[in-house]
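Participant: See structure03.tsv below, with TSV, C-alpha atoms.
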```tsv
chain	number	residue	atom	x	y	z
F	1	MET	CA	65.36	195.68	149.10
F	2	ASN	CA	68.82	194.56	147.99
F	3	GLU	CA	69.42	193.06	151.41
F	4	LEU	CA	66.19	191.05	151.17
F	5	LEU	CA	67.08	189.70	147.73
F	6	ARG	CA	70.54	188.80	148.95
F	7	THR	CA	69.02	186.91	151.89
F	8	ILE	CA	66.58	185.04	149.65
F	9	PHE	CA	69.40	184.12	147.29
F	10	MET	CA	71.56	182.80	150.12
F	11	ILE	CA	68.68	180.73	151.48
F	12	PHE	CA	68.07	179.23	148.04
F	13	LEU	CA	71.79	178.59	147.56
F	14	TRP	CA	72.11	176.69	150.84
F	15	SER	CA	68.86	174.80	150.44
F	16	SER	CA	69.28	173.80	146.78
F	17	PRO	CA	71.23	170.58	147.58
F	18	LEU	CA	68.46	169.52	149.97
F	19	ILE	CA	65.84	170.32	147.33
F	20	LEU	CA	67.77	168.27	144.77
F	21	VAL	CA	68.03	165.30	147.16
F	22	PHE	CA	64.31	165.55	147.91
F	23	LEU	CA	63.42	165.61	144.19
F	24	ILE	CA	65.64	162.59	143.51
F	25	PHE	CA	64.02	160.74	146.43
F	26	CYS	CA	60.53	161.52	145.07
F	27	PHE	CA	61.53	160.39	141.56
F	28	ILE	CA	62.96	157.08	142.84
F	29	THR	CA	59.89	156.48	145.01
F	30	LEU	CA	57.54	157.05	142.05
F	31	ARG	CA	59.59	154.66	139.92
F	32	ILE	CA	59.47	152.04	142.66
F	33	PHE	CA	55.69	151.97	143.06
F	34	THR	CA	54.49	152.84	139.55
F	35	GLY	CA	53.07	149.96	137.48
F	36	LYS	CA	54.16	147.15	139.84
F	37	SER	CA	50.78	145.34	140.33
F	38	LEU	CA	51.03	145.68	144.09
F	39	MET	CA	47.78	143.91	144.96
F	40	ASN	CA	47.62	141.43	142.08
F	41	PRO	CA	47.31	137.90	143.57
F	42	GLU	CA	48.99	136.40	140.48
F	43	TYR	CA	52.28	137.99	141.54
F	44	PRO	CA	54.36	137.08	144.62
F	45	PRO	CA	53.61	139.28	147.64
F	46	VAL	CA	55.59	142.49	148.13
F	47	ARG	CA	57.80	142.35	151.23
F	48	GLY	CA	59.95	145.44	150.84
F	49	THR	CA	61.55	148.01	148.57
F	50	LEU	CA	64.98	149.16	147.55
F	51	PHE	CA	65.10	151.28	150.70
F	52	ASN	CA	64.68	148.18	152.87
F	53	LEU	CA	67.65	146.51	151.16
F	54	ILE	CA	69.81	149.59	151.68
F	55	PHE	CA	68.76	149.93	155.33
F	56	HIS	CA	69.56	146.25	156.04
F	57	TYR	CA	72.62	146.09	153.77
F	58	ASN	CA	75.07	145.13	156.54
F	59	GLU	CA	72.83	142.18	157.55
F	60	LEU	CA	71.30	141.51	154.16
F	61	HIS	CA	71.48	137.70	154.26
F	62	ASP	CA	69.85	137.55	157.70
F	63	TYR	CA	67.19	140.02	156.61
F	64	MET	CA	66.34	138.05	153.45
F	65	THR	CA	66.24	134.82	155.48
F	66	ARG	CA	63.69	136.33	157.87
F	67	LEU	CA	61.52	137.38	154.92
F	68	ALA	CA	61.79	133.92	153.31
F	69	GLU	CA	60.67	132.25	156.55
F	70	LYS	CA	57.36	134.11	156.28
F	71	ASN	CA	57.00	133.91	152.47
F	72	PRO	CA	59.27	131.49	150.57
F	73	THR	CA	58.68	133.50	147.38
F	74	PHE	CA	58.34	137.29	147.52
F	75	ARG	CA	59.06	140.52	145.68
F	76	ILE	CA	61.31	143.47	146.46
F	77	LEU	CA	60.32	146.62	144.56
F	78	THR	CA	63.03	148.72	142.87
F	79	PRO	CA	63.03	151.54	140.29
F	80	ALA	CA	64.00	148.90	137.73
F	81	PRO	CA	61.93	145.71	137.32
F	82	SER	CA	61.19	144.18	140.72
F	83	TYR	CA	63.39	141.45	142.18
F	84	VAL	CA	61.72	138.10	142.85
F	85	TYR	CA	63.36	136.00	145.56
F	86	THR	CA	62.49	132.38	146.19
F	87	ALA	CA	63.51	129.73	148.69
F	88	GLU	CA	60.86	127.28	147.48
F	89	PRO	CA	62.66	124.06	146.39
F	90	ARG	CA	60.35	123.50	143.42
F	91	ASN	CA	60.93	127.01	142.13
F	92	VAL	CA	64.69	126.70	142.56
F	93	GLU	CA	64.69	123.39	140.66
F	94	HIS	CA	62.59	124.93	137.89
F	95	VAL	CA	64.89	127.95	137.45
F	96	LEU	CA	68.19	126.06	137.70
F	97	LYS	CA	67.25	122.77	136.07
F	98	SER	CA	63.95	121.95	134.38
F	99	GLY	CA	63.28	125.47	133.04
F	100	PHE	CA	66.85	126.72	132.90
F	101	GLY	CA	66.70	127.73	129.24
F	102	LYS	CA	63.81	130.14	129.91
F	103	TYR	CA	65.80	132.34	132.28
F	104	SER	CA	68.65	134.60	131.22
F	105	LYS	CA	71.07	136.74	133.18
F	106	GLY	CA	69.36	139.79	131.67
F	107	ASP	CA	70.84	142.89	130.09
F	108	ARG	CA	70.78	144.79	133.38
F	109	GLY	CA	72.67	142.08	135.26
F	110	ARG	CA	75.29	141.83	132.52
F	111	GLU	CA	75.69	145.61	132.41
F	112	ILE	CA	76.27	145.76	136.17
F	113	LEU	CA	78.67	142.81	136.43
F	114	ALA	CA	80.51	142.89	133.09
F	115	GLU	CA	83.37	145.11	134.25
F	116	LEU	CA	84.45	142.48	136.77
F	117	PHE	CA	83.34	139.17	135.24
F	118	GLY	CA	83.63	140.02	131.53
F	119	GLN	CA	82.49	137.19	129.27
F	120	GLY	CA	82.78	134.46	131.89
F	121	ILE	CA	80.24	131.73	132.59
F	122	PHE	CA	78.50	133.80	135.27
F	123	LEU	CA	77.15	136.17	132.61
F	124	ALA	CA	76.80	133.73	129.71
F	125	ASP	CA	73.43	132.60	128.30
F	126	GLY	CA	72.21	130.09	125.74
F	127	GLU	CA	74.81	128.49	123.48
F	128	ASP	CA	77.60	130.56	124.99
F	129	TRP	CA	76.79	129.17	128.45
F	130	LYS	CA	76.57	125.61	127.11
F	131	GLN	CA	79.94	125.93	125.42
F	132	GLN	CA	81.63	127.28	128.54
F	133	ARG	CA	79.90	124.69	130.72
F	134	LYS	CA	81.08	121.92	128.38
F	135	LEU	CA	84.60	123.29	128.53
F	136	ALA	CA	84.52	123.45	132.34
F	137	GLY	CA	83.08	119.93	132.51
F	138	LEU	CA	85.89	118.58	130.35
F	139	GLU	CA	88.65	120.14	132.40
F	140	PHE	CA	87.24	119.27	135.82
F	141	SER	CA	86.35	115.70	134.86
F	142	THR	CA	89.99	114.88	134.19
F	143	ARG	CA	91.30	112.39	136.72
F	144	VAL	CA	94.77	113.92	136.79
F	145	LEU	CA	93.27	117.29	137.67
F	146	ARG	CA	90.98	115.82	140.33
F	147	ASP	CA	93.86	114.05	142.01
F	148	PHE	CA	96.12	117.09	141.80
F	149	SER	CA	93.48	119.57	143.00
F	150	CYS	CA	92.57	117.34	145.96
F	151	SER	CA	96.23	117.17	146.91
F	152	VAL	CA	96.60	120.95	146.66
F	153	PHE	CA	93.49	121.68	148.73
F	154	ARG	CA	94.55	119.19	151.40
F	155	THR	CA	98.04	120.72	151.58
F	156	ASN	CA	96.73	124.28	151.83
F	157	ALA	CA	94.09	123.23	154.36
F	158	ALA	CA	96.88	121.80	156.51
F	159	LYS	CA	98.80	125.09	156.20
F	160	LEU	CA	95.66	126.96	157.27
F	161	VAL	CA	95.19	124.70	160.30
F	162	ARG	CA	98.82	125.21	161.38
F	163	PHE	CA	98.51	128.97	160.93
F	164	VAL	CA	95.25	129.18	162.92
F	165	SER	CA	96.71	126.93	165.63
F	166	GLY	CA	99.68	129.27	165.94
F	167	LEU	CA	97.40	132.28	166.33
F	168	SER	CA	95.30	130.42	168.87
F	169	VAL	CA	98.30	129.42	170.97
F	170	ALA	CA	99.51	133.03	170.89
F	171	GLY	CA	96.07	134.23	171.98
F	172	ARG	CA	95.70	136.50	168.95
F	173	ALA	CA	92.39	137.41	167.31
F	174	PHE	CA	91.97	136.69	163.60
F	175	ASP	CA	89.44	137.07	160.78
F	176	MET	CA	88.41	133.56	159.72
F	177	GLN	CA	86.66	134.76	156.56
F	178	ASP	CA	89.83	136.56	155.49
F	179	LEU	CA	91.93	133.44	156.10
F	180	LEU	CA	89.51	131.24	154.16
F	181	MET	CA	89.66	133.64	151.21
F	182	LYS	CA	93.46	133.56	151.30
F	183	CYS	CA	93.42	129.76	151.38
F	184	THR	CA	91.07	129.76	148.39
F	185	LEU	CA	93.36	132.11	146.50
F	186	ASP	CA	96.41	129.96	147.23
F	187	SER	CA	94.63	126.78	146.11
F	188	ILE	CA	92.98	127.98	142.90
F	189	PHE	CA	96.13	129.69	141.65
F	190	GLU	CA	98.27	126.65	142.35
F	191	VAL	CA	95.78	124.37	140.56
F	192	GLY	CA	95.14	126.75	137.69
F	193	PHE	CA	98.55	128.32	137.18
F	194	GLY	CA	101.04	126.20	139.08
F	195	VAL	CA	101.90	129.28	141.17
F	196	GLU	CA	102.25	129.22	144.97
F	197	LEU	CA	101.13	132.61	146.29
F	198	ASN	CA	101.33	131.71	150.00
F	199	CYS	CA	98.78	134.37	150.95
F	200	VAL	CA	97.87	132.54	154.17
F	201	GLU	CA	101.42	132.86	155.44
F	202	GLY	CA	101.67	136.41	154.08
F	203	SER	CA	104.82	135.88	152.02
F	204	SER	CA	103.32	137.26	148.77
F	205	GLU	CA	102.59	140.99	148.85
F	206	GLU	CA	101.20	140.98	145.30
F	207	GLY	CA	98.87	138.08	146.07
F	208	THR	CA	97.61	139.78	149.21
F	209	GLU	CA	96.94	143.03	147.34
F	210	PHE	CA	95.10	141.10	144.62
F	211	MET	CA	92.96	139.32	147.20
F	212	LYS	CA	92.03	142.59	148.92
F	213	ALA	CA	91.21	144.26	145.59
F	214	PHE	CA	89.12	141.31	144.40
F	215	ASP	CA	87.18	141.19	147.67
F	216	ALA	CA	86.56	144.96	147.59
F	217	SER	CA	85.54	145.02	143.92
F	218	HIS	CA	83.15	142.11	144.52
F	219	ALA	CA	81.38	144.07	147.28
F	220	LEU	CA	81.32	147.31	145.27
F	221	ILE	CA	79.97	145.66	142.11
F	222	TRP	CA	77.06	144.14	144.04
F	223	TRP	CA	76.28	147.52	145.58
F	224	ARG	CA	75.29	148.64	142.08
F	225	PHE	CA	72.14	146.53	142.36
F	226	LEU	CA	70.99	148.81	145.21
F	227	ASP	CA	72.34	152.11	143.91
F	228	PRO	CA	70.00	153.75	141.34
F	229	LEU	CA	72.64	156.44	140.69
F	230	TRP	CA	75.59	154.15	139.98
F	231	LYS	CA	75.75	155.07	136.28
F	232	LEU	CA	75.97	158.74	137.19
F	233	ARG	CA	78.75	157.99	139.67
F	234	ARG	CA	80.59	155.95	137.02
F	235	PHE	CA	80.28	158.76	134.48
F	236	PHE	CA	81.80	161.30	136.86
F	237	ARG	CA	84.15	158.69	138.43
F	238	ILE	CA	83.17	159.60	141.97
F	239	GLY	CA	82.35	157.77	145.19
F	240	SER	CA	82.04	154.00	145.08
F	241	GLU	CA	82.53	153.90	141.31
F	242	ALA	CA	85.90	155.64	141.57
F	243	SER	CA	86.98	153.07	144.16
F	244	LEU	CA	85.63	150.21	142.03
F	245	ARG	CA	87.61	151.41	139.03
F	246	LYS	CA	90.84	151.35	141.04
F	247	GLN	CA	90.18	147.92	142.53
F	248	ILE	CA	89.31	146.35	139.17
F	249	LYS	CA	92.52	147.74	137.68
F	250	VAL	CA	94.52	145.99	140.43
F	251	VAL	CA	92.67	142.72	139.71
F	252	ASP	CA	93.08	142.96	135.93
F	253	ASP	CA	96.75	143.92	136.08
F	254	PHE	CA	97.58	141.02	138.40
F	255	VAL	CA	95.69	138.36	136.44
F	256	HIS	CA	96.82	139.48	132.98
F	257	GLN	CA	100.44	139.76	134.10
F	258	LEU	CA	100.27	136.22	135.45
F	259	ILE	CA	98.66	134.94	132.23
F	260	ARG	CA	101.32	136.55	130.05
F	261	LYS	CA	104.10	135.04	132.15
F	262	LYS	CA	102.59	131.58	131.99
F	263	ARG	CA	101.98	131.75	128.24
F	264	LYS	CA	105.65	132.58	127.71
F	265	LEU	CA	106.78	129.86	130.11
F	266	LEU	CA	104.63	127.18	128.48
F	267	ALA	CA	105.61	128.32	124.99
F	268	LEU	CA	109.25	127.76	125.91
F	269	LYS	CA	108.43	124.24	127.11
F	270	GLY	CA	106.61	123.36	123.91
F	271	ASN	CA	103.02	122.35	123.24
F	272	CYS	CA	100.67	120.44	125.52
F	273	VAL	CA	102.07	117.43	127.30
F	274	SER	CA	99.39	115.28	128.89
F	275	GLU	CA	101.72	114.15	131.69
F	276	ASN	CA	102.23	117.72	132.86
F	277	ILE	CA	100.34	118.16	136.09
F	278	ASN	CA	99.24	121.79	135.45
F	279	PHE	CA	96.44	120.69	133.14
F	280	ILE	CA	94.24	123.78	133.42
F	281	MET	CA	97.21	126.03	132.76
F	282	GLN	CA	97.94	124.14	129.53
F	283	PHE	CA	94.28	123.99	128.61
F	284	PHE	CA	93.73	127.72	128.72
F	285	PHE	CA	97.05	129.21	127.79
F	286	LEU	CA	98.18	127.23	124.77
F	287	ASP	CA	96.48	126.62	121.45
F	288	CYS	CA	96.00	122.89	122.05
F	289	THR	CA	94.08	120.62	119.71
F	290	ILE	CA	91.74	119.56	122.53
F	291	THR	CA	90.37	123.07	123.18
F	292	LEU	CA	86.73	123.58	122.29
F	293	VAL	CA	86.93	127.35	121.83
F	294	ALA	CA	89.65	129.88	121.18
F	295	ILE	CA	90.84	131.09	124.58
F	296	ASN	CA	92.39	134.54	124.71
F	297	ASN	CA	93.78	136.44	127.68
F	298	VAL	CA	90.43	138.08	128.42
F	299	ASN	CA	88.56	134.77	128.53
F	300	ALA	CA	91.26	133.17	130.65
F	301	ALA	CA	91.05	136.06	133.11
F	302	CYS	CA	87.25	135.67	133.27
F	303	TRP	CA	87.69	131.97	134.04
F	304	VAL	CA	90.11	132.77	136.88
F	305	LEU	CA	87.69	135.24	138.51
F	306	SER	CA	84.74	132.86	138.09
F	307	SER	CA	86.75	130.05	139.68
F	308	LEU	CA	87.57	132.26	142.65
F	309	ILE	CA	83.88	133.02	143.20
F	310	VAL	CA	82.88	129.33	142.96
F	311	THR	CA	85.59	128.02	145.27
F	312	ASN	CA	85.16	130.88	147.74
F	313	ASN	CA	81.44	130.11	148.01
```
Output the file's structure in the form of structure tokens.
Facilitator:
Amino acid sequence: MNELLRTIFMIFLWSSPLILVFLIFCFITLRIFTGKSLMNPEYPPVRGTLFNLIFHYNELHDYMTRLAEKNPTFRILTPAPSYVYTAEPRNVEHVLKSGFGKYSKGDRGREILAELFGQGIFLADGEDWKQQRKLAGLEFSTRVLRDFSCSVFRTNAAKLVRFVSGLSVAGRAFDMQDLLMKCTLDSIFEVGFGVELNCVEGSSEEGTEFMKAFDASHALIWWRFLDPLWKLRRFFRIGSEASLRKQIKVVDDFVHQLIRKKRKLLALKGNCVSENINFIMQFFFLDCTITLVAINNVNAACWVLSSLIVTNN
């Protein structure tokens, strides 16, 4: 009898993880399909679920393009509110232009992305978004900045061409996406901070580490949209959330260290001087009379990360 009980206990002990996984799968499946108006013609057609996105994660853009070719507007069901995707020009114009004020980033989106993008324009809504957009419009409409940024991008593009040509002549393989990201990093930091990182040529170890951490954290933060258990992982600091925490620390430390150095440097040189070419650096890091809002280190860091996303895209 004791031997039988011992055997039953061992079977339960070994099978309990599988039972737990099965119960979690059933719970997620019920959440996906419950109360989603699957056959209601007033809603866009359903063309997949969270499981489809996870299965096609490594080719997600191609997968979504194939779905959009059949139905320009469609739904993907998830345990949270369903995602609506649209490639219909009229819908895109409505969301981004004519009806822009009706659509917010949403509490869920802000919760997922806030650790990386903070209070930047990507997560801003309403008056906060308008204020940041006005600030960005002022800085990027400056002729001095336009001329300087064009010069910087042309110079770094020439460096990239020379570097790629050298690799080609040597018959070496290279990752073009990685090189483009490095070129972006070099350009935006030179325009924004007056700092030459030279990531393309590999002469800045700190800049290279920052670029790798930013790229990794960007991928990990977007994975949260497909991971229904990301909050649990974050609580226990395990798996992808543990890695994300480390990568974000690298990003934050690099950006904040650079901001502190530039604040001290500009403070030594005095207040804003309009002839100084590093206009963005002045604009964000000193308390100038032309600023529209009070910019602290956190907001400046958010602007840097947002600029990297925009220019990289």
Participant: In Å, how far is it from CA of Ser165 (chain F) to CA of Phe189 (chain F)?
Facilitator: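 So the two atoms, CA of Ser165 (chain F) and CA of Phe189 (chain F), lie 24.1 Å apart.
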Participant: Here is a test: counting all atoms listed in the file, which residue of F:Cys26, F:Val251, F:Ile19, F:Cys183 is nearest to Glu115 (chain F)?
Facilitator: F:Val251
Participant: I want to know what sits within 10 Å of Pro228 (chain F), based on all atoms listed in the file, with residues of the same chain fewer than 5 positions away left out; could you give that as a list in words?
Facilitator: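 Skipping anything fewer than 5 positions along the chain leaves Ile28, Leu50, Thr78, Pro79, Ala80, Trp223 and Arg233 of chain F.
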Participant: Could you tell me how far CA of Leu53 (chain F) lies from CA of Ile76 (chain F), in Å and to one decimal?
Facilitator: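 Result for CA of Leu53 (chain F) versus CA of Ile76 (chain F): 8.5 Å, one decimal.
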Participant: What does the structure give for the distance between CA of Ser168 (chain F) and CA of Val191 (chain F), in Å to one decimal?
Facilitator: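 Between CA of Ser168 (chain F) and CA of Val191 (chain F) the gap works out to 29.0 Å.
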Participant: Could you name the residues that touch Ala213 (chain F) at 8 Å or less, counting all atoms listed in the file, but leaving out those on the same chain fewer than 4 positions away, as a ChimeraX atom specification?
Facilitator: /F:209,217,247-248,250-251
Participant: Could you take the residues named above and write them with C-alpha atoms, as a compact mmCIF listing (two decimals), in the coordinates of the input?
Facilitator:
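For reference, part24.txt as written:
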```txt
# COMPACT_ATOMS: atom_id res chain seq x y z
CA GLU F 209 96.94 143.03 147.34
CA SER F 217 85.54 145.02 143.92
CA GLN F 247 90.18 147.92 142.53
CA ILE F 248 89.31 146.35 139.17
CA VAL F 250 94.52 145.99 140.43
CA VAL F 251 92.67 142.72 139.71
```
Participant: Residues at most 9 Å from Gly106 (chain F), counting all atoms listed in the file, excluding those fewer than 3 positions away in the same chain, as a VMD selection string?
Facilitator: chain F and resid 103 109 to 111 123 125
Participant: Could you tell me which of F:Ser104, F:Ser37, F:Asn58, F:Thr73 comes closest to Ala124 (chain F) if we count only C-alpha atoms?
Facilitator: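 Ranking F:Ser104, F:Ser37, F:Asn58, F:Thr73 by distance to Ala124 (chain F), first place goes to F:Ser104.
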